[in-house]
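As stored in upload.tsv (TSV, C-alpha atoms (C1' of nucleotides)):
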chain	number	residue	atom	x	y	z
A	1	MET	CA	6.94	-6.22	-29.67
A	2	ARG	CA	6.49	-7.67	-26.20
A	3	ILE	CA	7.39	-5.16	-23.51
A	4	VAL	CA	7.65	-5.70	-19.76
A	5	PHE	CA	7.38	-2.52	-17.68
A	6	MET	CA	8.95	-2.06	-14.27
A	7	GLY	CA	8.13	0.98	-12.18
A	8	THR	CA	6.54	2.09	-8.97
A	9	PRO	CA	5.67	5.72	-8.18
A	10	GLU	CA	3.70	8.42	-9.92
A	11	PHE	CA	6.73	9.40	-11.99
A	12	ALA	CA	6.55	6.12	-13.92
A	13	VAL	CA	2.84	6.31	-14.72
A	14	PRO	CA	3.00	8.54	-17.83
A	15	SER	CA	5.67	6.29	-19.33
A	16	LEU	CA	3.48	3.24	-18.91
A	17	GLU	CA	0.44	5.09	-20.21
A	18	LYS	CA	2.36	6.29	-23.27
A	19	LEU	CA	3.54	2.80	-24.14
A	20	CYS	CA	0.03	1.45	-23.91
A	21	GLY	CA	-1.39	4.39	-25.82
A	22	ALA	CA	1.13	3.93	-28.62
A	23	GLY	CA	-0.07	0.41	-29.14
A	24	TYR	CA	2.91	-1.49	-27.78
A	25	ASP	CA	2.18	-4.89	-26.35
A	26	VAL	CA	2.86	-4.41	-22.65
A	27	VAL	CA	2.64	-7.99	-21.51
A	28	GLY	CA	3.47	-7.56	-17.84
A	29	VAL	CA	4.22	-5.01	-15.15
A	30	PHE	CA	6.57	-5.42	-12.22
A	31	THR	CA	6.14	-3.06	-9.28
A	32	GLN	CA	6.88	-2.93	-5.59
A	33	PRO	CA	4.58	-4.95	-3.30
A	34	ASP	CA	1.66	-3.12	-1.71
A	35	ARG	CA	2.94	-1.26	1.32
A	36	PRO	CA	1.17	0.01	4.41
A	37	ARG	CA	0.93	3.69	3.65
A	38	GLY	CA	-1.22	6.66	4.38
A	39	ARG	CA	-3.42	7.41	7.32
A	40	GLY	CA	-4.74	4.31	8.99
A	41	LYS	CA	-1.73	2.29	7.83
A	42	LYS	CA	-3.71	0.66	5.06
A	43	LEU	CA	-2.11	-1.51	2.42
A	44	MET	CA	-1.88	0.63	-0.70
A	45	PRO	CA	-1.08	-0.41	-4.27
A	46	SER	CA	1.59	1.58	-6.09
A	47	PRO	CA	0.43	4.10	-8.72
A	48	VAL	CA	1.96	1.91	-11.41
A	49	LYS	CA	-0.02	-1.09	-10.19
A	50	GLU	CA	-3.26	0.86	-10.40
A	51	THR	CA	-2.43	1.98	-13.91
A	52	ALA	CA	-1.56	-1.55	-15.00
A	53	GLN	CA	-4.80	-2.92	-13.64
A	54	LYS	CA	-6.72	-0.20	-15.43
A	55	HIS	CA	-5.23	-1.51	-18.68
A	56	GLY	CA	-5.75	-5.12	-17.74
A	57	ILE	CA	-2.03	-5.89	-17.68
A	58	PRO	CA	-0.82	-8.73	-15.44
A	59	VAL	CA	0.96	-7.36	-12.35
A	60	PHE	CA	3.90	-8.97	-10.57
A	61	GLN	CA	5.06	-7.73	-7.16
A	62	PRO	CA	8.07	-9.72	-6.04
A	63	GLU	CA	9.76	-8.52	-2.86
A	64	LYS	CA	13.03	-9.01	-4.72
A	65	ILE	CA	12.76	-9.46	-8.47
A	66	ARG	CA	16.25	-10.91	-8.79
A	67	ARG	CA	15.28	-13.62	-6.34
A	68	ASP	CA	11.55	-14.22	-6.83
A	69	GLY	CA	10.81	-12.72	-10.23
A	70	VAL	CA	13.15	-14.46	-12.64
A	71	GLU	CA	10.81	-17.23	-13.69
A	72	ASP	CA	7.84	-14.91	-14.12
A	73	LEU	CA	9.89	-12.58	-16.28
A	74	LYS	CA	11.22	-15.42	-18.43
A	75	ALA	CA	7.72	-16.73	-18.94
A	76	LEU	CA	6.65	-13.36	-20.33
A	77	GLN	CA	9.28	-13.69	-23.08
A	78	PRO	CA	9.90	-9.97	-23.37
A	79	ASP	CA	11.64	-8.42	-26.34
A	80	LEU	CA	12.30	-5.32	-24.26
A	81	CYS	CA	12.16	-4.31	-20.62
A	82	VAL	CA	11.51	-0.74	-19.55
A	83	THR	CA	12.31	0.54	-16.07
A	84	ALA	CA	11.24	3.84	-14.57
A	85	ALA	CA	11.76	4.47	-10.87
A	86	PHE	CA	11.26	0.81	-10.11
A	87	GLY	CA	13.14	0.86	-6.85
A	88	GLN	CA	14.85	-2.48	-7.20
A	89	ILE	CA	18.26	-3.35	-8.55
A	90	LEU	CA	18.32	-5.78	-11.48
A	91	SER	CA	20.75	-8.68	-11.62
A	92	GLN	CA	22.62	-9.76	-14.74
A	93	GLU	CA	20.33	-12.76	-14.90
A	94	ILE	CA	17.35	-10.42	-15.16
A	95	LEU	CA	19.06	-8.15	-17.67
A	96	ASP	CA	19.85	-11.11	-19.92
A	97	ILE	CA	16.21	-12.09	-20.35
A	98	PRO	CA	14.83	-9.44	-22.74
A	99	ARG	CA	15.99	-9.94	-26.34
A	100	ILE	CA	16.78	-6.28	-27.06
A	101	GLY	CA	17.72	-5.22	-23.56
A	102	THR	CA	16.46	-3.04	-20.77
A	103	VAL	CA	15.83	0.68	-21.13
A	104	ASN	CA	15.70	2.97	-18.11
A	105	VAL	CA	14.08	6.40	-17.87
A	106	HIS	CA	16.11	8.53	-15.49
A	107	ALA	CA	15.05	12.01	-14.36
A	108	SER	CA	18.34	13.81	-14.78
A	109	LEU	CA	20.79	14.92	-17.39
A	110	LEU	CA	23.21	12.05	-17.00
A	111	PRO	CA	25.93	11.57	-16.01
A	112	ARG	CA	24.94	14.12	-13.40
A	113	HIS	CA	22.61	13.12	-10.57
A	114	ARG	CA	22.73	9.38	-10.64
A	115	GLY	CA	20.70	7.91	-7.79
A	116	SER	CA	17.14	7.81	-6.61
A	117	ALA	CA	16.44	11.51	-6.02
A	118	PRO	CA	17.89	13.28	-9.06
A	119	ILE	CA	15.31	16.05	-9.29
A	120	ALA	CA	15.56	17.12	-5.68
A	121	TRP	CA	19.33	17.22	-5.95
A	122	ALA	CA	19.20	19.27	-9.14
A	123	ILE	CA	17.04	21.85	-7.42
A	124	LEU	CA	19.09	21.74	-4.24
A	125	GLN	CA	22.30	22.36	-6.15
A	126	GLY	CA	20.85	25.24	-8.11
A	127	ASP	CA	20.98	23.61	-11.54
A	128	ARG	CA	19.73	25.89	-14.31
A	129	GLU	CA	18.50	22.98	-16.37
A	130	ILE	CA	16.87	19.69	-15.55
A	131	GLY	CA	15.86	16.86	-17.80
A	132	VAL	CA	15.47	13.19	-18.51
A	133	THR	CA	17.80	10.64	-20.04
A	134	THR	CA	16.97	7.24	-21.44
A	135	MET	CA	19.69	4.66	-21.13
A	136	MET	CA	20.49	0.99	-21.38
A	137	THR	CA	20.20	-0.41	-17.90
A	138	ASP	CA	23.23	-2.29	-16.66
A	139	ARG	CA	24.22	-3.68	-13.30
A	140	GLY	CA	25.38	-0.36	-11.87
A	141	ILE	CA	23.11	2.36	-10.58
A	142	ASP	CA	22.31	4.60	-13.53
A	143	THR	CA	25.63	3.81	-15.14
A	144	GLY	CA	24.55	2.35	-18.49
A	145	ASP	CA	25.01	3.82	-21.95
A	146	MET	CA	22.82	6.81	-22.71
A	147	LEU	CA	20.36	6.79	-25.59
A	148	LEU	CA	18.36	10.04	-25.73
A	149	LYS	CA	18.29	13.12	-23.56
A	150	LYS	CA	15.99	16.09	-23.24
A	151	SER	CA	16.44	19.17	-21.09
A	152	ILE	CA	14.28	22.07	-19.97
A	153	PRO	CA	15.05	25.18	-17.93
A	154	LEU	CA	14.41	24.83	-14.21
A	155	GLU	CA	11.94	27.49	-13.09
A	156	SER	CA	12.87	29.05	-9.76
A	157	THR	CA	9.27	28.66	-8.59
A	158	TRP	CA	9.13	24.90	-9.04
A	159	THR	CA	9.01	22.50	-6.17
A	160	CYS	CA	10.45	19.04	-6.57
A	161	GLY	CA	6.92	17.70	-6.86
A	162	GLU	CA	6.08	20.05	-9.69
A	163	ALA	CA	9.33	19.43	-11.53
A	164	THR	CA	8.76	15.70	-11.15
A	165	GLU	CA	5.37	16.00	-12.77
A	166	VAL	CA	6.79	17.91	-15.72
A	167	LEU	CA	9.68	15.50	-16.14
A	168	SER	CA	7.46	12.46	-15.89
A	169	ARG	CA	5.61	13.64	-18.99
A	170	LEU	CA	8.82	14.59	-20.75
A	171	GLY	CA	10.25	11.19	-19.83
A	172	ALA	CA	7.27	9.41	-21.30
A	173	GLU	CA	7.71	11.17	-24.63
A	174	LEU	CA	11.41	10.48	-24.63
A	175	LEU	CA	10.79	6.83	-23.84
A	176	LEU	CA	8.53	6.49	-26.81
A	177	GLU	CA	11.12	8.06	-29.10
A	178	THR	CA	13.74	5.80	-27.61
A	179	VAL	CA	11.79	2.62	-28.13
A	180	LYS	CA	11.04	3.62	-31.69
A	181	GLY	CA	14.66	4.49	-32.33
A	182	LEU	CA	15.80	1.29	-30.76
A	183	THR	CA	13.66	-0.85	-33.03
A	184	ASP	CA	14.59	0.92	-36.25
A	185	GLY	CA	18.20	1.35	-35.25
A	186	THR	CA	18.30	5.13	-35.27
A	187	VAL	CA	19.49	5.65	-31.69
A	188	THR	CA	23.04	5.07	-30.70
A	189	ARG	CA	24.51	4.20	-27.36
A	190	ILE	CA	26.62	6.91	-25.79
A	191	PRO	CA	28.82	5.90	-22.86
A	192	GLN	CA	28.64	8.20	-19.85
A	193	ASP	CA	31.66	10.34	-19.13
A	194	GLU	CA	32.65	9.05	-15.72
A	195	ARG	CA	34.64	12.21	-14.98
A	196	GLU	CA	31.43	14.26	-14.97
A	197	MET	CA	29.27	11.86	-13.07
A	198	THR	CA	27.77	12.62	-9.71
A	199	TYR	CA	25.98	10.14	-7.53
A	200	ASP	CA	23.42	11.62	-5.15
A	201	PRO	CA	22.26	9.78	-2.05
A	202	MET	CA	18.66	9.27	-1.02
A	203	LEU	CA	16.92	12.08	0.79
A	204	ASN	CA	16.45	11.89	4.51
A	205	LYS	CA	14.73	14.00	7.11
A	206	ASP	CA	17.84	15.75	8.29
A	207	MET	CA	18.06	17.39	4.90
A	208	GLY	CA	14.91	19.33	5.74
A	209	GLU	CA	16.89	21.31	8.27
A	210	ILE	CA	17.40	24.88	7.10
A	211	ASP	CA	20.66	26.66	7.63
A	212	TRP	CA	19.68	30.30	7.95
A	213	GLU	CA	23.28	31.30	7.44
A	214	ALA	CA	22.87	30.26	3.82
A	215	SER	CA	21.98	32.61	0.96
A	216	PRO	CA	18.38	33.39	-0.02
A	217	GLU	CA	18.73	31.32	-3.18
A	218	GLU	CA	20.15	28.33	-1.31
A	219	ILE	CA	17.34	28.40	1.23
A	220	ARG	CA	14.68	28.76	-1.43
A	221	ASN	CA	16.20	25.85	-3.33
A	222	ARG	CA	16.22	23.67	-0.25
A	223	ILE	CA	12.59	24.45	0.56
A	224	HIS	CA	11.56	23.63	-2.99
A	225	ALA	CA	13.78	20.55	-3.26
A	226	MET	CA	12.39	19.01	-0.08
A	227	ASN	CA	8.77	19.57	-1.11
A	228	PRO	CA	6.85	17.29	-0.89
A	229	TRP	CA	9.28	15.07	0.95
A	230	PRO	CA	10.88	15.23	3.50
A	231	GLY	CA	9.83	18.86	3.80
A	232	CYS	CA	11.55	21.81	5.46
A	233	SER	CA	10.11	22.97	8.74
A	234	VAL	CA	10.81	25.10	11.78
A	235	PRO	CA	9.67	24.50	15.37
A	236	TYR	CA	6.36	26.18	16.10
A	237	GLU	CA	4.25	26.03	19.24
A	238	GLY	CA	5.21	22.51	20.12
A	239	GLY	CA	4.83	21.30	16.54
A	240	ARG	CA	6.50	22.02	13.24
A	241	LEU	CA	5.65	24.73	10.78
A	242	LYS	CA	6.31	23.35	7.33
A	243	LEU	CA	7.74	25.76	4.79
A	244	LEU	CA	6.51	24.79	1.35
A	245	ARG	CA	7.34	27.56	-1.07
A	246	ALA	CA	9.61	30.60	-1.02
A	247	ARG	CA	11.36	33.22	-3.06
A	248	VAL	CA	14.18	35.67	-2.58
A	249	GLY	CA	13.00	38.48	-0.29
A	250	ASP	CA	13.78	42.16	-0.09
A	251	THR	CA	14.00	42.83	3.63
A	252	PRO	CA	17.41	41.83	5.02
A	253	GLY	CA	17.93	41.12	8.69
A	254	ALA	CA	19.81	38.96	11.13
A	255	CYS	CA	20.03	35.33	10.01
A	256	GLY	CA	17.04	33.30	11.11
A	257	THR	CA	14.96	36.17	12.44
A	258	VAL	CA	11.58	37.35	11.23
A	259	THR	CA	12.03	40.62	9.34
A	260	VAL	CA	8.48	41.00	8.06
A	261	ALA	CA	5.30	39.34	9.33
A	262	ASP	CA	2.13	41.02	8.15
A	263	PRO	CA	-1.02	39.76	6.43
A	264	LYS	CA	-0.47	42.32	3.70
A	265	LYS	CA	3.29	42.38	3.36
A	266	GLY	CA	3.86	38.69	3.88
A	267	LEU	CA	6.48	36.76	5.82
A	268	GLN	CA	10.21	37.23	5.43
A	269	ILE	CA	13.15	35.80	7.29
A	270	GLY	CA	16.65	37.17	7.28
A	271	CYS	CA	19.57	35.11	6.02
A	272	ARG	CA	23.07	35.62	4.65
A	273	GLY	CA	23.11	38.64	2.43
A	274	GLY	CA	19.36	39.23	2.38
A	275	SER	CA	16.10	37.56	3.22
A	276	VAL	CA	13.79	34.78	2.14
A	277	GLU	CA	10.11	35.39	1.64
A	278	ILE	CA	7.99	32.43	2.70
A	279	LEU	CA	5.10	32.21	0.27
A	280	GLN	CA	3.35	29.04	1.32
A	281	LEU	CA	3.45	27.09	4.56
A	282	GLN	CA	1.53	24.51	6.53
A	283	ALA	CA	0.63	24.77	10.20
A	284	PRO	CA	0.33	21.67	12.42
A	285	GLY	CA	-2.95	19.95	11.65
A	286	GLY	CA	-3.72	22.26	8.78
A	287	LYS	CA	-3.72	22.34	5.03
A	288	PRO	CA	-1.09	24.15	3.04
A	289	MET	CA	-1.87	27.86	2.88
A	290	GLN	CA	-0.45	31.14	1.73
A	291	ALA	CA	1.82	32.73	4.32
A	292	LYS	CA	-0.35	35.85	4.21
A	293	ASP	CA	-3.42	33.80	5.09
A	294	PHE	CA	-1.53	32.21	7.95
A	295	LEU	CA	-0.65	35.62	9.33
A	296	ARG	CA	-4.30	36.66	9.53
A	297	GLY	CA	-4.85	34.22	12.33
A	298	HIS	CA	-1.36	33.94	13.83
A	299	SER	CA	0.76	36.87	14.83
A	300	LEU	CA	4.52	36.66	14.59
A	301	GLU	CA	6.74	39.30	16.11
A	302	THR	CA	9.31	40.93	13.92
A	303	GLY	CA	12.77	40.15	15.24
A	304	ARG	CA	11.75	36.77	16.55
A	305	LYS	CA	14.37	34.11	16.02
A	306	LEU	CA	13.17	30.88	14.48
A	307	SER	CA	16.28	28.82	14.40
A	308	GLY	CA	17.19	26.57	17.31
A	309	ASP	CA	14.74	24.90	19.63
A	310	GLU	CA	12.78	27.98	20.57
A	311	GLY	CA	10.67	28.03	17.44
A	312	ILE	CA	8.41	30.91	16.64
B	1	C	C1'	-9.00	-1.27	15.54
B	2	G	C1'	-1.04	2.08	14.66
B	3	C	C1'	-0.41	7.34	17.07
B	4	G	C1'	-1.92	12.45	17.02
B	5	G	C1'	-4.17	17.43	15.41
B	6	G	C1'	-8.44	19.75	13.25
B	7	G	C1'	-13.80	21.33	11.03
B	8	U	C1'	-16.80	28.56	14.02
B	9	A	C1'	-18.65	34.64	8.08
B	10	G	C1'	-15.22	34.73	1.52
B	11	A	C1'	-9.74	33.70	4.01
B	12	G	C1'	-6.95	32.75	8.56
B	13	C	C1'	-7.95	32.16	13.72
B	14	A	C1'	-9.96	32.85	19.16
B	15	G	C1'	-13.91	31.15	22.13
B	16	U	C1'	-15.09	24.82	24.31
B	17	U	C1'	-11.60	23.51	30.60
B	18	U	C1'	-16.03	26.57	34.15
B	19	G	C1'	-23.10	25.83	29.27
B	20	G	C1'	-25.97	31.94	29.57
B	21	U	C1'	-26.63	37.84	23.45
B	22	A	C1'	-21.18	34.93	17.85
B	23	G	C1'	-15.73	37.47	18.61
B	24	C	C1'	-10.60	38.96	16.32
B	25	U	C1'	-7.37	40.05	11.97
B	26	C	C1'	-8.13	40.48	6.79
B	27	G	C1'	-11.26	40.73	2.66
B	28	U	C1'	-15.95	42.69	0.75
B	29	C	C1'	-19.87	46.81	0.23
B	30	G	C1'	-21.04	52.11	1.33
B	31	G	C1'	-19.21	56.87	3.15
B	32	G	C1'	-15.07	60.17	4.75
B	33	C	C1'	-9.87	61.98	4.76
B	34	U	C1'	-5.39	62.38	1.55
B	35	C	C1'	-1.20	64.74	-4.02
B	36	A	C1'	-1.00	59.64	-2.71
B	37	U	C1'	-1.58	54.32	-0.21
B	38	A	C1'	-0.23	47.33	1.38
B	39	A	C1'	-2.18	54.24	5.14
B	40	C	C1'	-6.07	56.15	8.38
B	41	C	C1'	-11.41	57.23	10.23
B	42	C	C1'	-16.90	56.00	10.21
B	43	G	C1'	-20.81	52.65	8.93
B	44	G	C1'	-23.01	48.01	6.77
B	45	A	C1'	-23.69	43.11	4.81
B	46	G	C1'	-22.18	38.30	5.51
B	47	G	C1'	-22.62	32.38	10.36
B	48	U	C1'	-27.56	25.65	9.63
B	49	C	C1'	-20.48	26.98	14.89
B	50	G	C1'	-18.95	19.54	9.85
B	51	U	C1'	-23.74	16.02	10.20
B	52	G	C1'	-27.42	13.38	13.17
B	53	G	C1'	-29.19	12.25	17.88
B	54	G	C1'	-29.09	13.03	23.38
B	55	U	C1'	-28.79	15.88	28.30
B	56	U	C1'	-30.61	20.91	29.80
B	57	C	C1'	-34.85	26.33	31.24
B	58	A	C1'	-30.60	27.17	27.94
B	59	A	C1'	-25.41	23.74	23.87
B	60	G	C1'	-20.15	26.41	19.52
B	61	U	C1'	-19.32	24.69	24.73
B	62	C	C1'	-21.40	18.51	27.99
B	63	C	C1'	-22.60	12.96	26.15
B	64	C	C1'	-23.04	9.25	21.91
B	65	A	C1'	-22.62	8.06	16.74
B	66	C	C1'	-21.10	9.32	11.90
B	67	C	C1'	-18.73	12.32	7.74
B	68	C	C1'	-14.61	15.16	5.99
B	69	C	C1'	-9.52	17.43	6.28
B	70	C	C1'	-4.36	17.22	8.01
B	71	G	C1'	0.42	15.51	10.43
B	72	C	C1'	3.67	11.25	11.93
B	73	A	C1'	5.13	6.42	10.34
B	74	A	C1'	8.78	5.52	3.63
Encoded form using structure tokens:
Amino acid sequence: MRIVFMGTPEFAVPSLEKLCGAGYDVVGVFTQPDRPRGRGKKLMPSPVKETAQKHGIPVFQPEKIRRDGVEDLKALQPDLCVTAAFGQILSQEILDIPRIGTVNVHASLLPRHRGSAPIAWAILQGDREIGVTTMMTDRGIDTGDMLLKKSIPLESTWTCGEATEVLSRLGAELLLETVKGLTDGTVTRIPQDEREMTYDPMLNKDMGEIDWEASPEEIRNRIHAMNPWPGCSVPYEGGRLKLLRARVGDTPGACGTVTVADPKKGLQIGCRGGSVEILQLQAPGGKPMQAKDFLRGHSLETGRKLSGDEGI
RNA sequence: CGCGGGGUAGAGCAGUUUGGUAGCUCGUCGGGCUCAUAACCCGGAGGUCGUGGGUUCAAGUCCCACCCCCGCAA
């Protein structure tokens, strides 16, 4: 079976690897064009491109596949297309090319969390379970019929980055099952219940703003959901102190004020109905570190307010 | 040449402007105190100050080059 894979970030890599490892004939890979990224503004290939090249698979990087990629895709004569966090919307013309159709790997339990940042939104909204769904891609955004679904409990310690890693592996397994089931006819298409669907917008920097009037759980969820991007931070000595990891604390105090700051006891900040303990943070110019390590070299006064422009 | 911050003991930092004995908090090791300790007291070990060169009587500090780490830009 001739498969064409479309994907871009790290999340899609295990799916591509699994297909190759299972012996499927991946005849081409579509991914986003190299973008200037990283320090020095160098042109960087996407993780999926690097993986494809490692396997010697031809790579196509149209700026807009529905405009510049149609002929290339037709020439590949795919039986099946697989998308995973590709980052481009497919036109009907594209969808009509593969004989069997196009399967998408989506990192949520559809119909909840349609959109491009499903994992972050699941964490942000306090979901107890997260998961992946494979589906037939159609012209809408994550609206197609579902094929297989797998869920796991969401650990309260997980950041979005960590959950993404776990789900990318789960998604790869599910994709393999789906492709198998699709070829031997054992999977069935299940329409999404539109009444239960939610569509979540892309993340932006403003979402890294912490409302200290929120509950400890809500604040922890936000910190974890925004890690690694866009990140939650508070003003600190002219820069920003990034808050990377947290848990519910045990030292209540006024919202947004430091209630504990000690190399041995850790760092806690008061919020509605309790406090949040900051476990891991990142100072300007520094690497991520444990909050207790940070406090060995920086002293924070208890009672200091860290909301607003003042910082800490 | 996109902009900026940084590299000093096991960890986190100060010291660099103005060159002159390597400091702080914590950890660690030994001793003491205590019913007890994330408590306290005493003592010790632990450092090529990122690398190479230069200036100087003298360089963590000034000059040049290089290496590495991090933030912003999605």
Report task. Write out as a PyMOL selection string every residue belonging to chain B that has an atom at most 12 Å from any atom of chain A, counting all atoms listed in the file. Result -> chain B and resi 1-7+11-14+24-27+38+69-74
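Of the listed residues (B:A58, B:C49, B:C67, B:C42), B:C49 comes nearest to B:U16; the distances count only C-alpha atoms (C1' of nucleotides).
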Query raised in the report: Neighbours of A:Gln77 within 8 Å (all atoms listed in the file; same-chain residues fewer than 3 positions away dropped), as a count of residues only?
Result: 5
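Here atom CA of A:His224 and atom CA of A:Glu162 stand 9.4 Å from one another.
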Report summary line: Atom pair atom CA of A:Glu165 + atom CA of A:Glu218, distance 22.4 Å
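Using all atoms listed in the file, the contacts of A:Phe60 at a cut-off of 9 Å, with sequence neighbours closer than 4 positions omitted, comprise Gly28, Val29, Phe30, Thr31, Gln32, Pro33, Lys49, Gly69 and Asp72 of chain A.
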With C-alpha atoms retained, write the just-selected residues as a short mmCIF file (atom, residue, chain, number, x, y, z; two decimals), in the frame of the given file.
data_model
loop_
_atom_site.label_atom_id
_atom_site.label_comp_id
_atom_site.auth_asym_id
_atom_site.auth_seq_id
_atom_site.Cartn_x
_atom_site.Cartn_y
_atom_site.Cartn_z
CA GLY A 28 3.47 -7.56 -17.84
CA VAL A 29 4.22 -5.01 -15.15
CA PHE A 30 6.57 -5.42 -12.22
CA THR A 31 6.14 -3.06 -9.28
CA GLN A 32 6.88 -2.93 -5.59
CA PRO A 33 4.58 -4.95 -3.30
CA LYS A 49 -0.02 -1.09 -10.19
CA GLY A 69 10.81 -12.72 -10.23
CA ASP A 72 7.84 -14.91 -14.12
#
Residues within 7 Å of A:Thr159, only C-alpha atoms (C1' of nucleotides), excluding chain neighbours under 2 positions, as an mmCIF file with C-alpha atoms, in the coordinates of the input:
data_model
loop_
_atom_site.group_PDB
_atom_site.id
_atom_site.type_symbol
_atom_site.label_atom_id
_atom_site.label_comp_id
_atom_site.auth_asym_id
_atom_site.auth_seq_id
_atom_site.Cartn_x
_atom_site.Cartn_y
_atom_site.Cartn_z
ATOM 1 C CA THR A 157 9.270 28.660 -8.590
ATOM 2 C CA GLY A 161 6.920 17.700 -6.860
ATOM 3 C CA GLU A 162 6.080 20.050 -9.690
ATOM 4 C CA ALA A 163 9.330 19.430 -11.530
ATOM 5 C CA HIS A 224 11.560 23.630 -2.990
ATOM 6 C CA ALA A 225 13.780 20.550 -3.260
ATOM 7 C CA ASN A 227 8.770 19.570 -1.110
#
